[in-house]
Each structure stands twice: as structure tokens, then as C-alpha cells.
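Text of run_23.tsv, listed as TSV, C-alpha atoms:
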```tsv
chain	number	residue	atom	x	y	z
A	1	MET	CA	-0.23	21.63	-23.89
A	2	LYS	CA	3.13	23.41	-24.26
A	3	ALA	CA	6.32	21.53	-23.48
A	4	ALA	CA	10.12	21.99	-23.75
A	5	VAL	CA	11.33	19.21	-26.03
A	6	VAL	CA	14.90	18.13	-26.89
A	7	SER	CA	15.57	18.64	-30.60
A	8	ASN	CA	18.28	17.06	-32.73
A	9	ASN	CA	20.48	20.18	-32.88
A	10	LYS	CA	21.16	20.44	-29.12
A	11	LYS	CA	18.52	23.12	-28.81
A	12	VAL	CA	15.17	22.91	-27.06
A	13	LYS	CA	11.92	23.56	-28.89
A	14	ILE	CA	8.65	24.66	-27.34
A	15	GLU	CA	6.08	22.31	-28.84
A	16	GLU	CA	2.43	21.41	-28.47
A	17	ARG	CA	2.03	17.89	-27.08
A	18	GLU	CA	-0.86	15.62	-26.14
A	19	LEU	CA	-0.61	13.24	-23.20
A	20	ARG	CA	-1.73	9.61	-23.30
A	21	ASN	CA	-4.43	8.30	-20.99
A	22	LEU	CA	-3.55	7.48	-17.39
A	23	LYS	CA	-2.57	3.92	-16.52
A	24	ASN	CA	-3.08	2.20	-13.17
A	25	GLY	CA	-1.02	3.77	-10.40
A	26	GLU	CA	-0.61	7.12	-12.15
A	27	VAL	CA	-1.77	10.68	-11.51
A	28	LEU	CA	-1.98	13.71	-13.78
A	29	VAL	CA	-0.27	16.83	-12.43
A	30	LYS	CA	-0.79	20.41	-13.57
A	31	THR	CA	2.70	21.89	-13.35
A	32	GLU	CA	3.23	25.06	-11.33
A	33	TYR	CA	7.04	25.31	-11.35
A	34	CYS	CA	10.03	23.45	-12.76
A	35	GLY	CA	13.64	24.19	-11.88
A	36	VAL	CA	16.35	23.94	-14.52
A	37	CYS	CA	19.14	21.56	-13.49
A	38	HIS	CA	22.61	21.05	-14.98
A	39	THR	CA	21.52	17.47	-15.70
A	40	ASP	CA	18.93	18.94	-18.09
A	41	LEU	CA	21.82	20.57	-19.92
A	42	HIS	CA	23.59	17.19	-20.17
A	43	VAL	CA	20.42	15.55	-21.49
A	44	LYS	CA	19.85	18.36	-23.99
A	45	ASN	CA	23.45	18.07	-25.22
A	46	GLY	CA	23.23	14.28	-25.60
A	47	ASP	CA	26.00	13.64	-23.06
A	48	PHE	CA	24.15	10.57	-21.71
A	49	GLY	CA	22.86	9.41	-25.10
A	50	ASP	CA	20.35	10.66	-27.65
A	51	ALA	CA	17.21	12.04	-25.96
A	52	THR	CA	15.68	13.72	-29.02
A	53	GLY	CA	11.93	14.12	-28.61
A	54	THR	CA	11.97	13.90	-24.81
A	55	ILE	CA	10.26	16.53	-22.66
A	56	LEU	CA	12.89	17.84	-20.24
A	57	GLY	CA	12.58	18.54	-16.53
A	58	HIS	CA	12.82	16.74	-13.20
A	59	GLU	CA	12.49	19.56	-10.67
A	60	GLY	CA	8.74	19.88	-11.01
A	61	ILE	CA	6.08	20.90	-8.52
A	62	GLY	CA	2.39	20.86	-9.29
A	63	LYS	CA	-1.11	19.96	-8.19
A	64	ILE	CA	-2.89	16.72	-9.01
A	65	ILE	CA	-5.85	17.21	-11.33
A	66	LYS	CA	-6.70	13.56	-12.04
A	67	CYS	CA	-6.01	10.18	-10.44
A	68	ALA	CA	-6.22	6.66	-11.83
A	69	ASP	CA	-9.03	4.65	-10.19
A	70	ASP	CA	-6.63	2.50	-8.13
A	71	VAL	CA	-4.72	5.43	-6.55
A	72	LYS	CA	-5.78	5.72	-2.91
A	73	ASP	CA	-3.00	7.62	-1.12
A	74	LEU	CA	-3.26	10.80	-3.20
A	75	LYS	CA	-6.18	12.98	-4.20
A	76	ILE	CA	-7.03	15.82	-6.57
A	77	GLY	CA	-5.58	19.07	-5.23
A	78	ASP	CA	-2.51	17.54	-3.54
A	79	ARG	CA	0.73	19.39	-4.33
A	80	VAL	CA	3.45	16.89	-5.26
A	81	SER	CA	6.92	16.52	-6.70
A	82	ILE	CA	7.90	15.51	-10.23
A	83	ALA	CA	11.39	14.22	-9.53
A	84	TRP	CA	14.30	12.64	-11.41
A	85	MET	CA	13.25	9.13	-10.36
A	86	TYR	CA	10.01	8.48	-12.19
A	87	GLU	CA	9.92	4.90	-10.96
A	88	ALA	CA	12.11	1.96	-9.95
A	89	CYS	CA	11.33	-1.74	-10.27
A	90	GLY	CA	10.50	-2.11	-6.57
A	91	ASN	CA	12.18	-5.50	-6.42
A	92	TYR	CA	15.61	-7.07	-6.03
A	93	GLU	CA	18.77	-5.83	-4.35
A	94	TYR	CA	18.76	-2.03	-4.58
A	95	CYS	CA	15.04	-1.38	-4.16
A	96	ASN	CA	14.90	-3.74	-1.17
A	97	THR	CA	17.85	-2.20	0.67
A	98	GLY	CA	16.97	1.49	0.66
A	99	ARG	CA	19.02	2.23	-2.46
A	100	GLU	CA	16.24	2.62	-4.99
A	101	THR	CA	18.10	5.34	-6.93
A	102	LEU	CA	20.57	2.63	-8.03
A	103	CYS	CA	17.86	0.38	-9.48
A	104	ARG	CA	19.05	-1.08	-12.78
A	105	ASP	CA	15.58	-0.66	-14.30
A	106	VAL	CA	14.97	2.90	-13.07
A	107	LYS	CA	13.12	5.37	-15.28
A	108	ASN	CA	14.08	9.04	-15.04
A	109	SER	CA	11.84	12.05	-15.66
A	110	GLY	CA	13.12	14.31	-18.40
A	111	TYR	CA	15.49	11.65	-19.71
A	112	THR	CA	14.04	8.17	-20.26
A	113	VAL	CA	10.44	9.34	-19.80
A	114	ASP	CA	8.86	12.73	-20.42
A	115	GLY	CA	9.47	15.23	-17.65
A	116	ALA	CA	8.16	18.32	-15.90
A	117	MET	CA	8.91	21.15	-18.36
A	118	ALA	CA	5.34	20.90	-19.59
A	119	GLU	CA	2.00	22.32	-18.56
A	120	GLU	CA	0.82	18.86	-17.51
A	121	VAL	CA	2.76	15.73	-16.50
A	122	ILE	CA	1.94	12.08	-15.82
A	123	VAL	CA	3.55	10.83	-12.59
A	124	ASN	CA	3.78	7.42	-10.93
A	125	ALA	CA	1.82	7.90	-7.68
A	126	LYS	CA	4.17	5.65	-5.67
A	127	TYR	CA	7.22	7.74	-6.56
A	128	THR	CA	5.91	11.23	-5.95
A	129	VAL	CA	6.22	13.04	-2.63
A	130	LYS	CA	3.76	15.50	-1.11
A	131	VAL	CA	5.02	19.04	-0.58
A	132	PRO	CA	4.53	20.46	2.94
A	133	GLU	CA	1.82	23.13	2.99
A	134	ASN	CA	4.13	25.77	4.49
A	135	LEU	CA	6.84	25.33	1.84
A	136	ASP	CA	6.78	27.80	-1.06
A	137	PRO	CA	6.23	25.72	-4.24
A	138	ALA	CA	8.78	27.67	-6.28
A	139	GLU	CA	11.44	26.96	-3.65
A	140	ALA	CA	10.24	23.37	-3.36
A	141	SER	CA	11.08	22.84	-7.04
A	142	SER	CA	14.79	23.27	-6.27
A	143	ILE	CA	14.56	20.91	-3.29
A	144	THR	CA	13.06	18.24	-5.58
A	145	CYS	CA	16.47	17.64	-7.16
A	146	ALA	CA	19.21	20.07	-6.12
A	147	GLY	CA	18.12	20.03	-2.49
A	148	VAL	CA	17.63	16.31	-2.04
A	149	THR	CA	20.82	15.59	-4.01
A	150	THR	CA	22.97	17.72	-1.72
A	151	TYR	CA	21.15	16.64	1.45
A	152	LYS	CA	21.87	13.03	0.49
A	153	ALA	CA	25.50	13.90	-0.28
A	154	VAL	CA	25.95	15.46	3.17
A	155	LYS	CA	24.53	12.27	4.70
A	156	VAL	CA	26.83	10.12	2.55
A	157	SER	CA	29.87	12.16	3.66
A	158	GLU	CA	29.19	11.01	7.25
A	159	ILE	CA	30.36	14.42	8.43
A	160	LYS	CA	29.90	15.08	12.16
A	161	PRO	CA	29.00	18.31	13.98
A	162	GLY	CA	32.06	20.52	14.38
A	163	GLN	CA	34.08	18.79	11.65
A	164	TRP	CA	35.34	20.53	8.49
A	165	LEU	CA	33.49	20.06	5.20
A	166	ALA	CA	34.74	21.58	1.92
A	167	ILE	CA	32.10	22.19	-0.75
A	168	PHE	CA	33.35	22.66	-4.31
A	169	GLY	CA	30.99	24.62	-6.55
A	170	ILE	CA	28.45	27.06	-5.08
A	171	GLY	CA	25.88	26.93	-7.83
A	172	GLY	CA	22.34	25.59	-7.80
A	173	LEU	CA	23.42	22.53	-5.80
A	174	GLY	CA	26.33	23.91	-3.80
A	175	ASN	CA	24.41	26.73	-2.15
A	176	LEU	CA	21.91	24.20	-0.79
A	177	ALA	CA	24.72	21.89	0.32
A	178	VAL	CA	26.08	24.76	2.43
A	179	GLN	CA	22.70	25.21	4.09
A	180	TYR	CA	21.98	21.54	4.79
A	181	ALA	CA	25.48	21.01	6.15
A	182	LYS	CA	25.49	24.15	8.28
A	183	ASN	CA	21.91	24.40	9.49
A	184	VAL	CA	20.98	20.73	9.74
A	185	MET	CA	24.27	18.93	10.46
A	186	GLY	CA	26.11	21.72	12.31
A	187	VAL	CA	29.46	21.40	10.55
A	188	LYS	CA	32.18	23.93	9.70
A	189	ILE	CA	32.23	24.82	6.03
A	190	ILE	CA	34.77	26.01	3.51
A	191	ALA	CA	33.06	27.03	0.26
A	192	LEU	CA	35.15	26.87	-2.92
A	193	ASP	CA	34.42	28.34	-6.33
A	194	ILE	CA	36.03	30.45	-9.07
A	195	ASP	CA	33.29	33.09	-8.99
A	196	GLU	CA	33.47	35.83	-6.34
A	197	GLU	CA	29.73	36.52	-6.47
A	198	LYS	CA	28.96	32.88	-5.65
A	199	LEU	CA	31.52	32.90	-2.84
A	200	LYS	CA	29.91	36.00	-1.40
A	201	PHE	CA	26.57	34.22	-1.56
A	202	ALA	CA	28.06	31.22	0.26
A	203	LYS	CA	29.27	33.50	3.03
A	204	GLU	CA	25.78	34.98	3.36
A	205	LEU	CA	24.41	31.46	3.70
A	206	GLY	CA	26.71	30.62	6.59
A	207	ALA	CA	29.96	29.31	5.13
A	208	ASP	CA	32.75	29.82	7.68
A	209	TYR	CA	35.38	30.50	5.03
A	210	THR	CA	35.55	30.85	1.25
A	211	ILE	CA	38.40	30.24	-1.17
A	212	ASN	CA	38.62	31.32	-4.81
A	213	THR	CA	40.28	28.34	-6.50
A	214	LEU	CA	40.87	30.03	-9.86
A	215	ASN	CA	44.51	29.34	-10.82
A	216	ILE	CA	45.42	28.50	-7.22
A	217	LYS	CA	48.63	26.50	-6.82
A	218	LYS	CA	48.60	23.21	-4.93
A	219	GLU	CA	51.08	24.37	-2.29
A	220	GLU	CA	49.20	27.63	-1.66
A	221	PHE	CA	45.93	25.73	-1.46
A	222	ASN	CA	47.25	23.29	1.12
A	223	GLU	CA	48.68	26.12	3.24
A	224	LYS	CA	45.33	27.93	3.24
A	225	ILE	CA	43.55	24.78	4.38
A	226	LYS	CA	46.06	24.25	7.20
A	227	GLU	CA	45.68	27.85	8.31
A	228	ILE	CA	41.87	27.80	8.26
A	229	THR	CA	41.52	24.46	10.07
A	230	ASN	CA	44.37	25.04	12.51
A	231	ASN	CA	46.20	22.06	10.99
A	232	LYS	CA	43.23	19.71	11.57
A	233	GLY	CA	42.51	19.32	7.87
A	234	ILE	CA	39.36	18.66	5.87
A	235	ASP	CA	37.27	15.72	7.09
A	236	ALA	CA	35.14	15.43	3.95
A	237	THR	CA	34.49	17.18	0.66
A	238	ILE	CA	31.43	17.39	-1.56
A	239	ILE	CA	31.97	18.23	-5.22
A	240	THR	CA	28.99	19.73	-7.02
A	241	ALA	CA	31.14	21.45	-9.67
A	242	VAL	CA	30.96	20.27	-13.28
A	243	ALA	CA	34.65	20.47	-14.14
A	244	LYS	CA	37.55	18.06	-13.70
A	245	ILE	CA	39.86	20.33	-11.69
A	246	PRO	CA	37.81	20.47	-8.45
A	247	PHE	CA	37.72	16.67	-8.30
A	248	ASN	CA	41.50	16.55	-8.33
A	249	GLN	CA	41.75	19.42	-5.86
A	250	ALA	CA	39.49	17.54	-3.46
A	251	VAL	CA	41.95	14.64	-3.43
A	252	ASP	CA	44.77	17.08	-2.68
A	253	ILE	CA	43.18	18.76	0.34
A	254	VAL	CA	41.23	16.06	2.17
A	255	LYS	CA	42.96	14.69	5.28
A	256	ALA	CA	44.08	11.09	5.81
A	257	GLY	CA	40.99	8.94	6.33
A	258	GLY	CA	38.82	11.62	4.74
A	259	LYS	CA	35.94	11.15	2.35
A	260	ILE	CA	35.29	12.67	-1.08
A	261	VAL	CA	31.67	12.69	-2.26
A	262	ALA	CA	31.26	13.18	-6.01
A	263	VAL	CA	27.97	14.76	-7.13
A	264	GLY	CA	28.75	16.87	-10.23
A	265	LEU	CA	28.85	15.20	-13.64
A	266	PRO	CA	31.70	16.60	-15.74
A	267	VAL	CA	32.31	14.71	-18.95
A	268	GLU	CA	36.09	14.50	-18.32
A	269	LYS	CA	37.86	11.72	-16.44
A	270	MET	CA	39.23	12.22	-12.93
A	271	ASP	CA	42.96	11.87	-12.19
A	272	LEU	CA	43.72	9.83	-9.08
A	273	ASP	CA	46.92	9.86	-7.04
A	274	ILE	CA	46.70	6.17	-6.21
A	275	PRO	CA	49.54	6.09	-3.61
A	276	ARG	CA	47.84	9.01	-1.76
A	277	LEU	CA	44.54	7.18	-1.97
A	278	VAL	CA	45.94	3.93	-0.58
A	279	LEU	CA	48.50	5.19	1.94
A	280	ASP	CA	46.16	7.81	3.43
A	281	GLY	CA	42.98	5.71	3.26
A	282	ILE	CA	41.06	8.25	1.21
A	283	GLN	CA	37.50	7.24	0.28
A	284	ILE	CA	35.89	8.41	-2.96
A	285	VAL	CA	32.19	7.72	-3.38
A	286	GLY	CA	29.50	8.85	-5.79
A	287	SER	CA	26.17	10.11	-4.47
A	288	LEU	CA	23.16	9.99	-6.77
A	289	VAL	CA	20.08	12.15	-6.10
A	290	GLY	CA	18.09	10.78	-3.13
A	291	THR	CA	15.34	8.35	-2.24
A	292	ARG	CA	11.71	9.25	-1.60
A	293	GLN	CA	12.47	9.25	2.12
A	294	ASP	CA	15.43	11.60	1.57
A	295	LEU	CA	13.13	13.95	-0.36
A	296	LYS	CA	10.55	13.94	2.45
A	297	GLU	CA	13.29	14.90	4.91
A	298	ALA	CA	14.78	17.53	2.58
A	299	PHE	CA	11.33	19.08	2.07
A	300	GLN	CA	10.70	19.16	5.82
A	301	PHE	CA	13.96	20.97	6.64
A	302	ALA	CA	13.09	23.56	3.98
A	303	ALA	CA	9.58	23.90	5.42
A	304	GLU	CA	11.20	24.54	8.82
A	305	LYS	CA	13.19	27.40	7.20
A	306	LYS	CA	16.52	25.72	7.89
A	307	VAL	CA	17.12	25.76	4.14
A	308	LYS	CA	15.96	28.39	1.66
A	309	ALA	CA	16.39	27.98	-2.07
A	310	LYS	CA	17.35	31.08	-4.06
A	311	VAL	CA	15.20	31.07	-7.18
A	312	SER	CA	14.76	33.35	-10.17
A	313	LEU	CA	11.47	32.87	-11.99
A	314	LYS	CA	11.54	32.52	-15.78
A	315	LYS	CA	9.20	31.69	-18.65
A	316	LEU	CA	9.22	28.40	-20.54
A	317	GLU	CA	10.28	30.29	-23.65
A	318	ASP	CA	13.49	31.38	-21.84
A	319	ILE	CA	14.84	27.82	-21.66
A	320	ASN	CA	17.62	28.11	-24.27
A	321	ASN	CA	18.83	31.39	-22.74
A	322	ILE	CA	18.87	29.70	-19.33
A	323	PHE	CA	21.04	26.91	-20.70
A	324	GLU	CA	23.42	29.45	-22.25
A	325	ASP	CA	23.78	31.26	-18.92
A	326	MET	CA	24.26	27.92	-17.16
A	327	GLN	CA	26.97	26.91	-19.61
A	328	ASN	CA	28.76	30.19	-18.91
A	329	GLY	CA	28.42	29.93	-15.12
A	330	LYS	CA	26.29	33.06	-14.82
A	331	ILE	CA	23.51	31.69	-12.62
A	332	VAL	CA	23.47	32.24	-8.86
A	333	GLY	CA	20.97	29.92	-7.20
A	334	ARG	CA	18.37	28.35	-9.47
A	335	ASN	CA	16.40	29.43	-12.51
A	336	VAL	CA	12.83	28.15	-12.16
A	337	ILE	CA	10.22	28.10	-14.89
A	338	LYS	CA	6.83	29.33	-13.75
A	339	PHE	CA	3.79	27.89	-15.53
```

Spit out the file's structure as C-alpha cells when you get a sec.
Amino acid sequence: MKAAVVSNNKKVKIEERELRNLKNGEVLVKTEYCGVCHTDLHVKNGDFGDATGTILGHEGIGKIIKCADDVKDLKIGDRVSIAWMYEACGNYEYCNTGRETLCRDVKNSGYTVDGAMAEEVIVNAKYTVKVPENLDPAEASSITCAGVTTYKAVKVSEIKPGQWLAIFGIGGLGNLAVQYAKNVMGVKIIALDIDEEKLKFAKELGADYTINTLNIKKEEFNEKIKEITNNKGIDATIITAVAKIPFNQAVDIVKAGGKIVAVGLPVEKMDLDIPRLVLDGIQIVGSLVGTRQDLKEAFQFAAEKKVKAKVSLKKLEDINNIFEDMQNGKIVGRNVIKF
């Protein structure tokens, strides 16, 4: 089978691979679609450690073509996800308290185990989620990571209907964050980016206001926020951007008692105004992907047409060009590889 494999020169090679035999609890999936996530770019570049030889991809959707003998809850023909969390230990603190994504022994598709940018993939049956029949599989691929990640982030923000939420970065994640926040949670949204095309897209998706943050001064930024919110301020922010500046801007604009949810993974370090943090009771929290239950919910909202992923279909051989466009911020929505 063909697969996109991390090479030792920060490029991706299309190679022929053979899969091992299934073990207990596993299913074999014939891949239909796989979205390309910014985390794939980090893995390819070695930002999280050397992943040479690993098959990329954790936004996969496909149909089961073989099941291990002990798998009872899934059957051949079921359409399922191939997500970032390949499996967790299922024991101890995090797995027993609904926080399985924080498991210290977690295995991740396309990083610590081979992922979904291949014609066929082995998946742990317990950690895959069925795709609703009325959800387009190409769109479902984006929900498998980008969608569930932003849905979880909106939940973590604890934003309430009618409150103000600022979303930094309207890329593959941010555009879905706008939709989950607006159409599911009923909040008021300010979308922030440095790209006018992405801001226009955010407006089309329902953002109440947009702000281009390119070279914006702190004082001007704060005045705009006051004007837009009628001096009420920003109740929470979600940062999907992959640069340091938006993280610092989020601290500047959130109101006293507000919450900052970090999702993007820039390699730089964040500057923190500690007196502002302490005196104004600002909360900063990271939000990592989502659980299997989060994914079920995220899929269902997409199936109900409350959320629609914008996808552009590509070939597996386009992967390095996709990464180049991603690095240069040229992608609106999500590039999805069609098998």
C-alpha cells in the first residue's frame, strides 16, 4: 500500500508499506480521506522529537475491511475515525476521570504509531468512533481532529450564550471554532487573524466582528474591543494560531476574570504579564484534542448541519506542497487527501 512517511530531511516520502497482522482488539480500515493538520507539520519537522519512518496522519476516515476475532461492537463496512488518540492505558487517574487525552501512556496516530495517510490503517477498536451516516466523510475528516479540538476548547472556555468570545487564528481549526461557538453555544464572536481572506470567511461563518491584528498597537486593539463590546470586554479567548504574538494579545484583551484557552502549538515561549494575571484573576489553560465522547458530539453537530467543514480535496502526492502552503498561511479551511 502507499503511505506518506516522514523522512530524515524534513520532507515526506510516498512509500510502499506492508501492514502487520491484526492483534486482539484491532480493526483494519481502508482509508477514504485524511485531513492535513498543522500538528502533522510539527511531526514532519521534528518539533516534538524525531519521527523518521512514521506514517503521518490523524484526521482519517475510512471503512472497516477486517476485524480481529474478539471485536464485537464494530463490523466490516462501518465508517469510522482514525484520530490522534490511537489508544490510552484505560487505567489510573486521567483515563478514569474523563481526561483520557492526558493519559501518560497515550499513543498517537501519525506520531508514536503509524497514522492515516495510508491506503490502509490498523486502528484500536475501542478508540475509534463511528461516523454518522448523514455526515459527508470528507468533511468528517476535519471534525476528527480540527473539529473535536475546537469543540472541546469552546467547552473548556466555559463561555455562556450571549457572552463575548475572541478566536485568534481562522485557519483549519479557527473556522470550526467559530461555528461551534456560534451555532452550538450561541455566543458573540470576534474573529482575529492577519489574513483578510480568512477574516472574510469568518464573517461568512457567522462571526459578529473581525479584526486584522497585523501590526496593531496595544492601545488601538484595546479601544476596538471596548467599542465592539460596549465596554463589557472579552469573556474568553481561544487561540488556534501558531505564533507567539496572538497568545500575548489574548492576555491583553481578555477582561478581569476571563479565560484564555490555548490550542495552537507555536514553538516559541509565551510572555506573561504576571501582575495582570494575578490582580485580574486571568485563567490560562491548555486544551488538548478531545475524548471519544467529545468526538461523538462533534460529529453529531456536524451531521445536524450546525457545523460545516470547508475542505479542498488533494492527492497523496501533493503532501509536501500542502505543507509548504500551510507554512506560508495560504490555506483557507482544510486540505484533505482523498484515497

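You will find atom CA of A:Gly169 at 19.7 Å from atom CA of A:Leu272.
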
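Residues of protein, DNA and RNA with at least one atom no farther than 8 Å from (-4.0, 8.3, -8.8) are, using only C-alpha atoms, Asn24, Gly25, Glu26, Val27, Leu28, Lys66, Cys67, Ala68, Asp69, Asp70, Val71, Lys72, Asp73, Leu74, Lys75 and Ala125 of chain A.
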
Grab the residues selected above and save them as an mmCIF file, in the frame of the given file with C-alpha atoms.
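As written to disk, again39.cif reads:
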```
data_model
loop_
_atom_site.group_PDB
_atom_site.id
_atom_site.type_symbol
_atom_site.label_atom_id
_atom_site.label_comp_id
_atom_site.auth_asym_id
_atom_site.auth_seq_id
_atom_site.Cartn_x
_atom_site.Cartn_y
_atom_site.Cartn_z
ATOM 1 C CA ASN A 24 -3.080 2.200 -13.170
ATOM 2 C CA GLY A 25 -1.020 3.770 -10.400
ATOM 3 C CA GLU A 26 -0.610 7.120 -12.150
ATOM 4 C CA VAL A 27 -1.770 10.680 -11.510
ATOM 5 C CA LEU A 28 -1.980 13.710 -13.780
ATOM 6 C CA LYS A 66 -6.700 13.560 -12.040
ATOM 7 C CA CYS A 67 -6.010 10.180 -10.440
ATOM 8 C CA ALA A 68 -6.220 6.660 -11.830
ATOM 9 C CA ASP A 69 -9.030 4.650 -10.190
ATOM 10 C CA ASP A 70 -6.630 2.500 -8.130
ATOM 11 C CA VAL A 71 -4.720 5.430 -6.550
ATOM 12 C CA LYS A 72 -5.780 5.720 -2.910
ATOM 13 C CA ASP A 73 -3.000 7.620 -1.120
ATOM 14 C CA LEU A 74 -3.260 10.800 -3.200
ATOM 15 C CA LYS A 75 -6.180 12.980 -4.200
ATOM 16 C CA ALA A 125 1.820 7.900 -7.680
#
```

Counting all atoms listed in the file, closest pick from A:Lys314, A:Lys30, A:Lys218, A:Lys255 relative to A:Asp235 is A:Lys255

Could you please determine the separation between atom CA of A:Ala241 and atom CA of A:Val336 in Å, to one decimal place?
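Distance between the two atoms: 19.7 Å.
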
Could you give me, as a ChimeraX atom specification, the residues within 8 Å of A:Lys244, counting all atoms listed in the file and dropping anything in the same chain fewer than 2 positions from it?
/A:242,246-248,266,268-270

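The residue that comes closest to A:Thr210, out of A:Ile245, A:Ala166, A:Lys63, A:Ala3 and on the basis of all atoms listed in the file, is A:Ala166.
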
Separation of atom CA of A:Lys310 from atom CA of A:Val29 in Å:
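Going from atom CA of A:Val29 over to atom CA of A:Lys310, I get 24.2 Å.
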
For stretch 299-308 of chain A, find every residue with an atom within 10 Å (counting all atoms listed in the file), except residues of its own chain fewer than 3 positions away, and show them as an NGL selection string.
:A and (129-136 or 139-144 or 147-148 or 151 or 175-184 or 205 or 293-296 or 311)

Within 9 Å of stretch 78-94 of chain A, counting only C-alpha atoms, which residues show up once you throw out same-chain ones fewer than 6 positions away? Write them as a ChimeraX atom specification, please.
/A:29,31,34,57-65,100-111,113,115-116,121-124,126-133,137,140-141,144-145,289-292

A:Asn215 environment, 12 Å, all atoms listed in the file, sequence neighbours closer than 2 positions dropped, as a ChimeraX atom specification:
/A:193-195,211-213,217-221,245-246,249

Which residues are near A:Phe168? Cut-off 6 Å, only C-alpha atoms, ignore same chain within fewer than 2 positions. Put them as a VMD selection string.
chain A and resid 192 239 to 241

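Distance check against A:Arg276 using only C-alpha atoms: of A:Ala118, A:Ile253, A:Val5, A:Ala138, the minimum falls on A:Ile253.
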